[in-house]
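This report refers to the structure that appears directly beneath it.
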Number of protein chains: 4
Amino acid sequence: MSDINKVVLAYSGGLDTSVIVKWLQETYDCEVVTFTADIGQGEEVEPAREKAKGLGVKEIYIEDLREEFARDYVFPMFRANTVYEGEYLLGTSIARPLIARRLVEIANETGADAIAHGATGKGNDQVRFELGAYALKPGIKVIAPWREWDLNSRQKLLDYCDHHGIPVEKQQGKSPYSMDANLLHISYEGEVLEDPWAQAEDDMWRWSVSPEQAPDEPTILDVSYENGDIVAINGERMKPHEVLSYLNRVAGDNGIGRIDIVENRYVGMKSRGCYETPGGTVMLKAHRAIESITLDREVAHLKDSIMPRYAEVVYNGYWWAPERRAMQALIDETQGPVNGDVRLKLYKGNVEVLGRRSEDSLFDEKVATFEEDEGAYDQKDAEGFIKLNALRLRIAASKGRSL
Amino acid sequence: MSDINKVVLAYSGGLDTSVIVKWLQETYDCEVVTFTADIGQGEEVEPAREKAKGLGVKEIYIEDLREEFARDYVFPMFRANTVYEGEYLLGTSIARPLIARRLVEIANETGADAIAHGATGKGNDQVRFELGAYALKPGIKVIAPWREWDLNSRQKLLDYCDHHGIPVEKQQGKSPYSMDANLLHISYEGEVLEDPWAQAEDDMWRWSVSPEQAPDEPTILDVSYENGDIVAINGERMKPHEVLSYLNRVAGDNGIGRIDIVENRYVGMKSRGCYETPGGTVMLKAHRAIESITLDREVAHLKDSIMPRYAEVVYNGYWWAPERRAMQALIDETQGPVNGDVRLKLYKGNVEVLGRRSEDSLFDEKVATFEEDEGAYDQKDAEGFIKLNALRLRIAASKGRSL
Amino acid sequence: MSDINKVVLAYSGGLDTSVIVKWLQETYDCEVVTFTADIGQGEEVEPAREKAKGLGVKEIYIEDLREEFARDYVFPMFRANTVYEGEYLLGTSIARPLIARRLVEIANETGADAIAHGATGKGNDQVRFELGAYALKPGIKVIAPWREWDLNSRQKLLDYCDHHGIPVEKQQGKSPYSMDANLLHISYEGEVLEDPWAQAEDDMWRWSVSPEQAPDEPTILDVSYENGDIVAINGERMKPHEVLSYLNRVAGDNGIGRIDIVENRYVGMKSRGCYETPGGTVMLKAHRAIESITLDREVAHLKDSIMPRYAEVVYNGYWWAPERRAMQALIDETQGPVNGDVRLKLYKGNVEVLGRRSEDSLFDEKVATFEEDEGAYDQKDAEGFIKLNALRLRIAASKGRSL
Amino acid sequence: MSDINKVVLAYSGGLDTSVIVKWLQETYDCEVVTFTADIGQGEEVEPAREKAKGLGVKEIYIEDLREEFARDYVFPMFRANTVYEGEYLLGTSIARPLIARRLVEIANETGADAIAHGATGKGNDQVRFELGAYALKPGIKVIAPWREWDLNSRQKLLDYCDHHGIPVEKQQGKSPYSMDANLLHISYEGEVLEDPWAQAEDDMWRWSVSPEQAPDEPTILDVSYENGDIVAINGERMKPHEVLSYLNRVAGDNGIGRIDIVENRYVGMKSRGCYETPGGTVMLKAHRAIESITLDREVAHLKDSIMPRYAEVVYNGYWWAPERRAMQALIDETQGPVNGDVRLKLYKGNVEVLGRRSEDSLFDEKVATFEEDEGAYDQKDAEGFIKLNALRLRIAASKGRSL
């Protein structure tokens, strides 16, 4: 049926992608290479090896990408204070470009002529995987089984497994939700959430306690920045993925980082999602705080004006696109002086900034003070400042222009 | 000394503006008209009458502007999801244009040739008052005593009172902070806050309890929107200022709405401020939630891309400027379908969205579902969508352009 | 083969769409309704009636839409000073939404269940037609024969005509280029233009003389604006389509309005196009000139900052989308004072502004003069204005921040 | 009167700045250092030496800054396709930051504690000089005699010269206009131009012939780009300032580059200016042309969306500000592939692009062709592309949302 000889599959080891392995072998009469990455989803990746072997896979890639993921994707994005549609910290979006890149690289290494993924035809992830793949290897073929096959119900999948001898594990406590997890977040979609008026169930959440269940004592944290990135917590230097792990734990313990939103997908529909992003929620707050004393006003406003577009570009899957790189150049250019410490208080769902300090602070106490400033600021300058800023308004009004 | 015969003063009834009354009378040998407005600051305004009389003022304006303030200023601003520098809900900024307008109108009514205010030469408020005044009455003279006089310390002010027989009340529990309050918020500046690393004191806050002191039981609220504005809470219709009052109370009781930030003033310095905006914090969250199901994606993103500029315009004092009106036209144009209900949970500092619904919802469950959608969405369309969105990237890559 | 009973076709009367009539009848076994509009393309539309009849069409719509096209589409777009990619005045783009709307309305009137057009699968026009149709009638079916059939060469089309008895006129002087024309412009693509380095041929152009061939005497024009639209030329009131006709003629006679560009299509490729937009070129220049004295600075800059997105939205085919309407609301809000006269000189390809005047002018000669201004402007205000605008820079420099 | 010991003056050698030398010496009892730069204004700078000596100046700086000006200021600005308010190529604005920087550096070298300039209190140049100076040396004092003295008429200036023995040359053919010139442009303000309806006089213009007087034969030029900058013309490599000189000459000879506009000054007023920018006009057109084949679509649109702000920043005098640097980082990041040749035709005021080519072209003839493309583009992809782009519109319409 096909001219495809070998395909690299983003393989989780779960039921769906196991079915895909078999379906690809059958449908395309081709070899399947599996690629399984630890990006902090919180599940062991090594078991995927035996499963893949059991499905007849000969080339099996299992990799720990947590450091790279945090350092080269999550951290650069947080330099921009990126938030999609006012709420979403892009936890799923930011993991896709890394997977896309490795799929393409493994295709190059193994001589595969196609890649495949387990994302559905309704979501954003198919777009993110495929845009990345096409951008990095324009001639690659992409197979998206969910857009092709007719196994579009749970029962059909189970029948397929039964028919093909794919072992189906009884998963105790398996969530009914469609979930995705990595070092930055875990997400929930589907089921009761498909009605935006329906309340999410308490037992859905996995990474954080509820504010109600969080401890009665706050946690105080000092986070330290260099060039816009967190490099230490409470004085202990950490690598980016260690920062995320640490913050996920303490923020999750304090009930921080849950949101419940309706978002606009790139493919054109609205969808309801619940997200836990404990560490990211802390990072956003802290980054704004350190920038508040180290960034020039106009630079900060410029960043704010560009951020919605940057967020859109990342959400839509254009990480591997020159417009993302151009905006990143602007953002990174501004982060040199973003150094210093932020003291935070975590308490029952809240992240409060208690203080911020920096060798590169632009906060000038002599100028800002309500007390005698010894000439640091001449209040009389304000009159001319206001007069000329008002000039266009005064001229308009004097010519009868009404507001 | 002057060609000023009569000046309208924004008069709080407090010590500073009482000194200004006397200082104006003396320095300019002119009549002073006082204007005192209730914009929800939480203090009685009527006592200002006796104080003004005691200072020899003949024309005394005391007005309740709460409804107008909420309806014509706060609510339009919230339609834009306005946040300055990622954090600040513009509580002080939004009250100034109304005061400026009334000062000018009263000057017109009383034949005054000048207005005066008690804002310092270092802050934003002088700019906001004066830009508004100049925009509405270009020939008006503006007197800003803090920029002119030499009463630049507490002691000199008290000496001045002593010398001129201005009664100085012993204010029990008088805050040492520079404060400003209205229906939307209360702010704190100065004192220990002048060091951005120093932690704000617990007893500084006035309007809200801390999350720690908030009740252990959450409060559930249903807020109802029409054309982007809240019109009812828990099914009870309310006017805009009633909405704000109500939300301030219940949100403040639940420890909601405190922030502690360093902001960039229009006059060029950084300053540290603490703000309590209980109701506004709820309104922002709720408005985004109702928009999430009723606004088109591109409209929502357009609003997000314009918001930082809108916020800057309001913060800088350009409410009475045509660029604000032009942006407002865009924003208001989008709010027709922003109708429906949002269910919220308030708990120890947190505002959570539990659900949202609308007759004008664009959420399409048939399209969004993970279940069989009976043809509402053809997953095969995604392939072409991705292929053409990737085309420019594929061409670039095929021509050797690297990322 | 199909569940389509009746289809409305955008019918030019030319060979391609005549083939489509027959092909639709055959392929879908359905009735075809033809719709032919005069939007100023400069060819008679009435002959399309006989041709359609000859093809067995029973419901034939032939309409003069020039006034509506100019008034409701071209003029609103010019209020925004719309230019795509710095050069293109969107002549083709702006005609599509009107055609899309009429196709849908005629489908409603005739009970048709589909529409069809003759645009190829590579271009922007298919997108513009179809986005408009879907936005106005979401259940409509769209047939795009060029994406479906295999008549993908000139010879195959002629064979098809031969086989089906479709008369093929020998068109004397038929251009080899792919062309599109309406009141705003005429475009050329294909042939030698497919090499972006190849020079366009002199005899390609149809609407304008070359600057070399233009008269040695300039033409002076006075154009008068009301609310941002031209309402009179040389004192004679004209309707929008009369304005365009008039300006096309005099500007074309003066060699004005040719461009030769490579543009980025929405479907992802670059394409080379040559355009003649004589009247539009004059209108853009004149509109900027009248705005230069009647628009507030910040409003003008706001419009400039939004324009690229507005242009993109129109180019991509989203006229019938809420984000276009929202931006239009902002633009139209600003045009109330855009009244007055602009004097222009047209000469051998050049449009020069000689002068502009308005009752609503914000140009203040007293303030602007280099002569003694009698206190209209206090130069000393500039010092404070500069000092405070420099404050953030001075603080940064004083803290060792380098540039 | 003053604590100023030495001041560096931007000295042209003309009457006004000669008066300023004397006035500074008298008023501030200080030493004056003169700084005269050749930035391509087209007048000899060496004669300034004798004049300065005659005024008792001991430290005299005369420098040829043309190369630096073109390379480090003009060229980076043109990478952004910078146009202010749709028309103005910022010829005056872009020269000020260089002068400001040299004034500060010379102050550092000579131990001066102040700088001075001859710009008036009404214009933009004072702002540009002073913002630059403050940003580079925050403690510097700035003296702007036009804002201080009372020599506010021609006659008073002449009287001052008479009284102080400053020689006044009879300047044959001296223009009555306020003019400014450098390698990029020459500007005219004042006199008859103060009425925006009055036509500029033919004999005002200095650098270009009128289109009427331009030769009947066109000039064809090939300009070659590397990294967004012109590096060669007609195959001959040139330095940036040589490029500008060359283009000014040939474009001026062909009647290219005159504009007559009303612009919005930063200090709040509208002013009318006429500008000749022959070379710059060619450069803008050519740069857009080379970008049209080498820049990715979204990168080009991103640049277009940022350009108005970049232009505003440069116009307002914030070259030496971090927001300009951040935007420049974005712009420069995009220019790596902006390489290749543009063929231009200059003829009686017109600049036409005849062709463009590049090793880095993203124009794909195989994809773009109207002919058989052998599978380079699958037209069927367009259907899915349109369907999903229309999805949000279809859902809205199906739910009764009207447009």
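Ligands are numbered from 1 in the order shown, residues from 1 within each chain, and chains are lettered A, B, ... in the order they appear in the structure tokens.
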
At a cut-off of 7 Å, list the chain C residues touching chain D, using only C-alpha atoms, as a ChimeraX atom specification. /C:121-122,127,131,134-138,147,190,194,196-199,260,262-264,269-271,292-293,297,304-305,308,320-322,349-350,353-357,363,365,368-370,379-380,382,386,390,393-394,397-398,403

Please return, as JSON, numbers by chain, all residues of segment 198-336 of chain C that DSSP assigns to alpha helix (DSSP H) on the basis of the backbone. {"C": [240, 241, 242, 243, 244, 245, 246, 247, 248, 249, 250, 251, 252, 253, 278, 279, 280, 281, 282, 283, 284, 285, 286, 287, 288, 289, 290, 291, 292, 293, 294, 297, 298, 299, 300, 301, 302, 303, 304, 305, 306, 307, 308, 309, 310, 311, 312, 313, 314, 315, 316, 322, 323, 324, 325, 326, 327, 328, 329, 330, 331, 332, 333, 334]}

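By only C-alpha atoms, and with residues fewer than 2 positions from Asn108 of chain C along its chain excluded, the set lying at most 12 Å from it is Lys6, Val7, Val8, Val33, Arg101, Arg102, Leu103, Val104, Glu105, Ile106, Thr110, Gly111, Ala112, Asp113, Ala114, Ile115, Ala133, Leu136, Lys137, Gly139 and Ile140 of chain C.
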
Write to file, as a short mmCIF file (atom, residue, chain, number, x, y, z; two decimals), in the first residue's frame, the residues of the selection just made, with all heavy atoms.
```
data_model
loop_
_atom_site.label_atom_id
_atom_site.label_comp_id
_atom_site.auth_asym_id
_atom_site.auth_seq_id
_atom_site.Cartn_x
_atom_site.Cartn_y
_atom_site.Cartn_z
N LYS C 6 -28.68 22.26 -6.33
CA LYS C 6 -28.56 23.53 -7.03
C LYS C 6 -27.34 24.26 -6.49
O LYS C 6 -27.11 24.29 -5.28
CB LYS C 6 -29.81 24.36 -6.80
CG LYS C 6 -29.95 25.53 -7.76
CD LYS C 6 -31.10 26.44 -7.37
CE LYS C 6 -32.44 25.96 -7.93
NZ LYS C 6 -33.48 27.00 -7.74
N VAL C 7 -26.59 24.86 -7.41
CA VAL C 7 -25.38 25.54 -6.99
C VAL C 7 -25.32 26.93 -7.64
O VAL C 7 -25.68 27.08 -8.81
CB VAL C 7 -24.12 24.69 -7.35
CG1 VAL C 7 -24.10 24.37 -8.83
CG2 VAL C 7 -22.85 25.39 -6.95
N VAL C 8 -24.94 27.91 -6.86
CA VAL C 8 -24.78 29.26 -7.39
C VAL C 8 -23.31 29.46 -7.76
O VAL C 8 -22.44 29.30 -6.90
CB VAL C 8 -25.19 30.33 -6.36
CG1 VAL C 8 -25.12 31.72 -6.98
CG2 VAL C 8 -26.57 30.05 -5.82
N VAL C 33 -27.05 28.06 -11.00
CA VAL C 33 -27.51 29.45 -11.04
C VAL C 33 -26.26 30.30 -11.27
O VAL C 33 -25.27 30.13 -10.56
CB VAL C 33 -28.16 29.86 -9.70
CG1 VAL C 33 -28.61 31.31 -9.73
CG2 VAL C 33 -29.30 28.92 -9.36
N ARG C 101 -20.82 37.44 -0.27
CA ARG C 101 -22.11 37.76 0.34
C ARG C 101 -23.25 37.54 -0.65
O ARG C 101 -24.29 36.97 -0.32
CB ARG C 101 -22.12 39.20 0.86
CG ARG C 101 -23.36 39.51 1.69
CD ARG C 101 -23.27 40.87 2.39
NE ARG C 101 -23.26 41.97 1.46
CZ ARG C 101 -24.32 42.38 0.76
NH1 ARG C 101 -25.47 41.77 0.87
NH2 ARG C 101 -24.21 43.40 -0.06
N ARG C 102 -23.06 38.03 -1.88
CA ARG C 102 -24.13 37.87 -2.87
C ARG C 102 -24.34 36.40 -3.23
O ARG C 102 -25.47 35.96 -3.43
CB ARG C 102 -23.83 38.69 -4.13
CG ARG C 102 -24.02 40.19 -3.97
CD ARG C 102 -25.46 40.56 -3.56
NE ARG C 102 -26.44 40.19 -4.59
CZ ARG C 102 -27.68 39.78 -4.34
NH1 ARG C 102 -28.10 39.66 -3.09
NH2 ARG C 102 -28.50 39.47 -5.32
N LEU C 103 -23.28 35.63 -3.31
CA LEU C 103 -23.44 34.20 -3.60
C LEU C 103 -24.33 33.55 -2.55
O LEU C 103 -25.23 32.77 -2.87
CB LEU C 103 -22.07 33.51 -3.62
CG LEU C 103 -21.19 33.75 -4.86
CD1 LEU C 103 -19.79 33.16 -4.64
CD2 LEU C 103 -21.81 33.13 -6.12
N VAL C 104 -24.06 33.89 -1.31
CA VAL C 104 -24.84 33.29 -0.22
C VAL C 104 -26.28 33.78 -0.26
O VAL C 104 -27.23 32.99 -0.09
CB VAL C 104 -24.19 33.64 1.14
CG1 VAL C 104 -25.15 33.42 2.29
CG2 VAL C 104 -22.91 32.82 1.33
N GLU C 105 -26.47 35.06 -0.50
CA GLU C 105 -27.83 35.59 -0.55
C GLU C 105 -28.62 34.97 -1.70
O GLU C 105 -29.80 34.65 -1.56
CB GLU C 105 -27.79 37.12 -0.71
CG GLU C 105 -27.34 37.83 0.57
CD GLU C 105 -27.04 39.32 0.36
OE1 GLU C 105 -27.02 39.75 -0.82
OE2 GLU C 105 -26.83 40.02 1.36
N ILE C 106 -27.95 34.81 -2.83
CA ILE C 106 -28.64 34.20 -3.98
C ILE C 106 -28.93 32.72 -3.70
O ILE C 106 -29.98 32.20 -4.07
CB ILE C 106 -27.80 34.39 -5.26
CG1 ILE C 106 -27.77 35.88 -5.63
CG2 ILE C 106 -28.39 33.57 -6.42
CD1 ILE C 106 -26.80 36.24 -6.74
N THR C 110 -32.63 31.34 -4.00
CA THR C 110 -32.97 30.32 -5.00
C THR C 110 -33.06 28.93 -4.40
O THR C 110 -33.33 27.97 -5.12
CB THR C 110 -31.88 30.28 -6.10
OG1 THR C 110 -30.62 29.97 -5.49
CG2 THR C 110 -31.79 31.61 -6.84
N GLY C 111 -32.81 28.84 -3.10
CA GLY C 111 -32.86 27.52 -2.49
C GLY C 111 -31.70 26.62 -2.89
O GLY C 111 -31.81 25.39 -2.84
N ALA C 112 -30.60 27.23 -3.28
CA ALA C 112 -29.44 26.42 -3.64
C ALA C 112 -28.75 25.91 -2.38
O ALA C 112 -28.81 26.55 -1.33
CB ALA C 112 -28.45 27.25 -4.47
N ASP C 113 -28.11 24.77 -2.50
CA ASP C 113 -27.43 24.21 -1.32
C ASP C 113 -25.92 24.30 -1.43
O ASP C 113 -25.21 23.84 -0.55
CB ASP C 113 -27.86 22.77 -1.05
CG ASP C 113 -28.08 21.98 -2.32
OD1 ASP C 113 -27.51 22.38 -3.37
OD2 ASP C 113 -28.82 20.99 -2.27
N ALA C 114 -25.45 24.92 -2.51
CA ALA C 114 -24.00 25.04 -2.66
C ALA C 114 -23.65 26.30 -3.46
O ALA C 114 -24.51 26.88 -4.13
CB ALA C 114 -23.42 23.82 -3.38
N ILE C 115 -22.41 26.71 -3.34
CA ILE C 115 -21.88 27.76 -4.20
C ILE C 115 -20.62 27.22 -4.86
O ILE C 115 -20.02 26.23 -4.39
CB ILE C 115 -21.55 29.05 -3.43
CG1 ILE C 115 -20.45 28.80 -2.40
CG2 ILE C 115 -22.80 29.64 -2.78
CD1 ILE C 115 -19.80 30.05 -1.89
N ALA C 133 -18.31 32.84 2.68
CA ALA C 133 -19.51 32.02 2.55
C ALA C 133 -19.80 31.26 3.84
O ALA C 133 -20.93 31.25 4.33
CB ALA C 133 -19.35 31.05 1.38
N LEU C 136 -21.13 33.46 6.61
CA LEU C 136 -22.48 33.99 6.42
C LEU C 136 -23.53 32.89 6.37
O LEU C 136 -24.71 33.15 6.61
CB LEU C 136 -22.51 34.83 5.13
CG LEU C 136 -21.61 36.08 5.18
CD1 LEU C 136 -21.47 36.70 3.79
CD2 LEU C 136 -22.16 37.10 6.17
N LYS C 137 -23.12 31.69 6.04
CA LYS C 137 -24.07 30.58 5.93
C LYS C 137 -23.30 29.31 6.23
O LYS C 137 -22.78 28.64 5.33
CB LYS C 137 -24.64 30.55 4.50
CG LYS C 137 -25.81 29.60 4.29
CD LYS C 137 -26.34 29.74 2.86
CE LYS C 137 -27.36 28.65 2.52
NZ LYS C 137 -28.64 28.81 3.22
N GLY C 139 -23.75 26.29 6.92
CA GLY C 139 -24.02 24.96 6.37
C GLY C 139 -23.84 24.88 4.87
O GLY C 139 -24.05 23.81 4.28
N ILE C 140 -23.44 25.96 4.24
CA ILE C 140 -23.33 25.97 2.78
C ILE C 140 -22.27 24.97 2.32
O ILE C 140 -21.28 24.74 3.01
CB ILE C 140 -22.96 27.39 2.29
CG1 ILE C 140 -23.17 27.53 0.77
CG2 ILE C 140 -21.52 27.73 2.64
CD1 ILE C 140 -24.59 27.74 0.39
#
```

From segment 30-153 of chain A, collect each residue whose DSSP state is strand (DSSP E or B) and return the set as a VMD selection string. chain A and resid 31 to 38 59 to 64 84 88 114 to 116 141 to 143

Quick check, in Å to one decimal: how far apart do atom CA of Arg71 of chain B and atom CA of Asp125 of chain B lie?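 So the two atoms, atom CA of Arg71 of chain B and atom CA of Asp125 of chain B, lie 21.2 Å apart.
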
As an exercise, work out the distance from atom CA of Ser12 of chain A to atom CA of Ala37 of chain A in Å and give it to one decimal place.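 Atom CA of Ala37 of chain A lies 7.9 Å from atom CA of Ser12 of chain A.
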
Report, in Å with one decimal, the straight-line distance from atom CA of Pro278 of chain C to atom CA of Glu242 of chain C.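 Atom-to-atom, atom CA of Pro278 of chain C to atom CA of Glu242 of chain C, that is 13.8 Å.
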
Using only C-alpha atoms, pick whichever of D:Leu9, D:Ala232, D:Ala80, D:Leu184 has the shortest atom-to-atom distance to Gln335 of chain D. D:Ala80

Skipping near chain neighbours, those fewer than 4 positions away, what residues fall within 7 Å of segment 219-221 of chain A using only C-alpha atoms, listed as a JSON list (two decimals) with N, CA, C and O atoms, in the first residue's frame?
```json
[["chain", "number", "residue", "atom", "x", "y", "z"],
["A", 233, "ILE", "N", 17.52, 28.34, 44.54],
["A", 233, "ILE", "CA", 16.38, 28.48, 45.44],
["A", 233, "ILE", "C", 16.90, 28.35, 46.85],
["A", 233, "ILE", "O", 17.65, 27.42, 47.16],
["A", 234, "ASN", "N", 16.51, 29.30, 47.67],
["A", 234, "ASN", "CA", 17.01, 29.34, 49.05],
["A", 234, "ASN", "C", 18.53, 29.21, 49.10],
["A", 234, "ASN", "O", 19.09, 28.54, 49.95],
["A", 343, "ARG", "N", 11.73, 37.13, 47.19],
["A", 343, "ARG", "CA", 11.24, 36.34, 48.34],
["A", 343, "ARG", "C", 9.74, 36.14, 48.19],
["A", 343, "ARG", "O", 8.99, 37.10, 48.00],
["A", 344, "LEU", "N", 9.35, 34.90, 48.28],
["A", 344, "LEU", "CA", 7.95, 34.53, 48.03],
["A", 344, "LEU", "C", 7.36, 33.81, 49.23],
["A", 344, "LEU", "O", 8.07, 33.11, 49.96],
["A", 345, "LYS", "N", 6.07, 33.97, 49.36],
["A", 345, "LYS", "CA", 5.34, 33.21, 50.37],
["A", 345, "LYS", "C", 4.29, 32.37, 49.66],
["A", 345, "LYS", "O", 3.47, 32.89, 48.90],
["A", 346, "LEU", "N", 4.33, 31.07, 49.90],
["A", 346, "LEU", "CA", 3.35, 30.16, 49.33],
["A", 346, "LEU", "C", 2.38, 29.75, 50.43],
["A", 346, "LEU", "O", 2.81, 29.29, 51.49],
["A", 347, "TYR", "N", 1.12, 29.91, 50.18],
["A", 347, "TYR", "CA", 0.16, 29.58, 51.24],
["A", 347, "TYR", "C", -1.21, 29.29, 50.65],
["A", 347, "TYR", "O", -1.85, 30.17, 50.08]]
```

Excluding same-chain residues fewer than 6 positions from Leu284 of chain A, what lies within 10 Å of it counting only C-alpha atoms, as JSON, numbers by chain? {"A": [78, 79, 80, 81, 82, 83, 89]}

Selected residues written out, all heavy atoms, as a short mmCIF file (atom, residue, chain, number, x, y, z; two decimals), in the first residue's frame:
```cif
data_model
loop_
_atom_site.label_atom_id
_atom_site.label_comp_id
_atom_site.auth_asym_id
_atom_site.auth_seq_id
_atom_site.Cartn_x
_atom_site.Cartn_y
_atom_site.Cartn_z
N PHE A 78 9.48 31.37 29.70
CA PHE A 78 9.13 32.14 30.89
C PHE A 78 9.81 33.52 30.92
O PHE A 78 9.35 34.42 31.61
CB PHE A 78 9.43 31.34 32.16
CG PHE A 78 8.26 30.50 32.58
CD1 PHE A 78 8.00 29.29 31.94
CD2 PHE A 78 7.37 30.92 33.57
CE1 PHE A 78 6.89 28.52 32.29
CE2 PHE A 78 6.27 30.16 33.92
CZ PHE A 78 6.02 28.95 33.28
N ARG A 79 10.90 33.67 30.17
CA ARG A 79 11.51 35.00 30.09
C ARG A 79 10.55 36.03 29.51
O ARG A 79 10.67 37.22 29.76
CB ARG A 79 12.77 34.94 29.21
CG ARG A 79 13.94 34.27 29.88
CD ARG A 79 15.13 34.16 28.93
NE ARG A 79 15.88 32.96 29.25
CZ ARG A 79 16.44 32.15 28.35
NH1 ARG A 79 16.38 32.43 27.05
NH2 ARG A 79 17.07 31.06 28.74
N ALA A 80 9.59 35.53 28.75
CA ALA A 80 8.62 36.43 28.12
C ALA A 80 7.36 36.63 28.97
O ALA A 80 6.44 37.32 28.55
CB ALA A 80 8.23 35.91 26.74
N ASN A 81 7.30 36.04 30.16
CA ASN A 81 6.09 36.08 30.98
C ASN A 81 4.88 35.58 30.19
O ASN A 81 3.79 36.14 30.26
CB ASN A 81 5.81 37.50 31.49
CG ASN A 81 6.93 38.06 32.31
OD1 ASN A 81 7.54 37.36 33.11
ND2 ASN A 81 7.24 39.33 32.11
N THR A 82 5.11 34.50 29.49
CA THR A 82 4.12 34.03 28.52
C THR A 82 2.86 33.45 29.16
O THR A 82 2.94 32.54 29.98
CB THR A 82 4.76 32.93 27.65
OG1 THR A 82 6.07 33.36 27.27
CG2 THR A 82 3.92 32.66 26.42
N VAL A 83 1.74 33.99 28.79
CA VAL A 83 0.43 33.49 29.22
C VAL A 83 -0.49 33.54 28.01
O VAL A 83 -0.60 34.57 27.36
CB VAL A 83 -0.17 34.34 30.34
CG1 VAL A 83 -1.46 33.71 30.85
CG2 VAL A 83 0.81 34.53 31.48
N LEU A 89 -0.56 28.68 30.97
CA LEU A 89 0.90 28.78 30.97
C LEU A 89 1.56 27.87 29.93
O LEU A 89 2.78 27.70 29.94
CB LEU A 89 1.44 28.48 32.37
CG LEU A 89 0.96 29.47 33.44
CD1 LEU A 89 1.56 29.11 34.80
CD2 LEU A 89 1.32 30.89 33.06
#
```
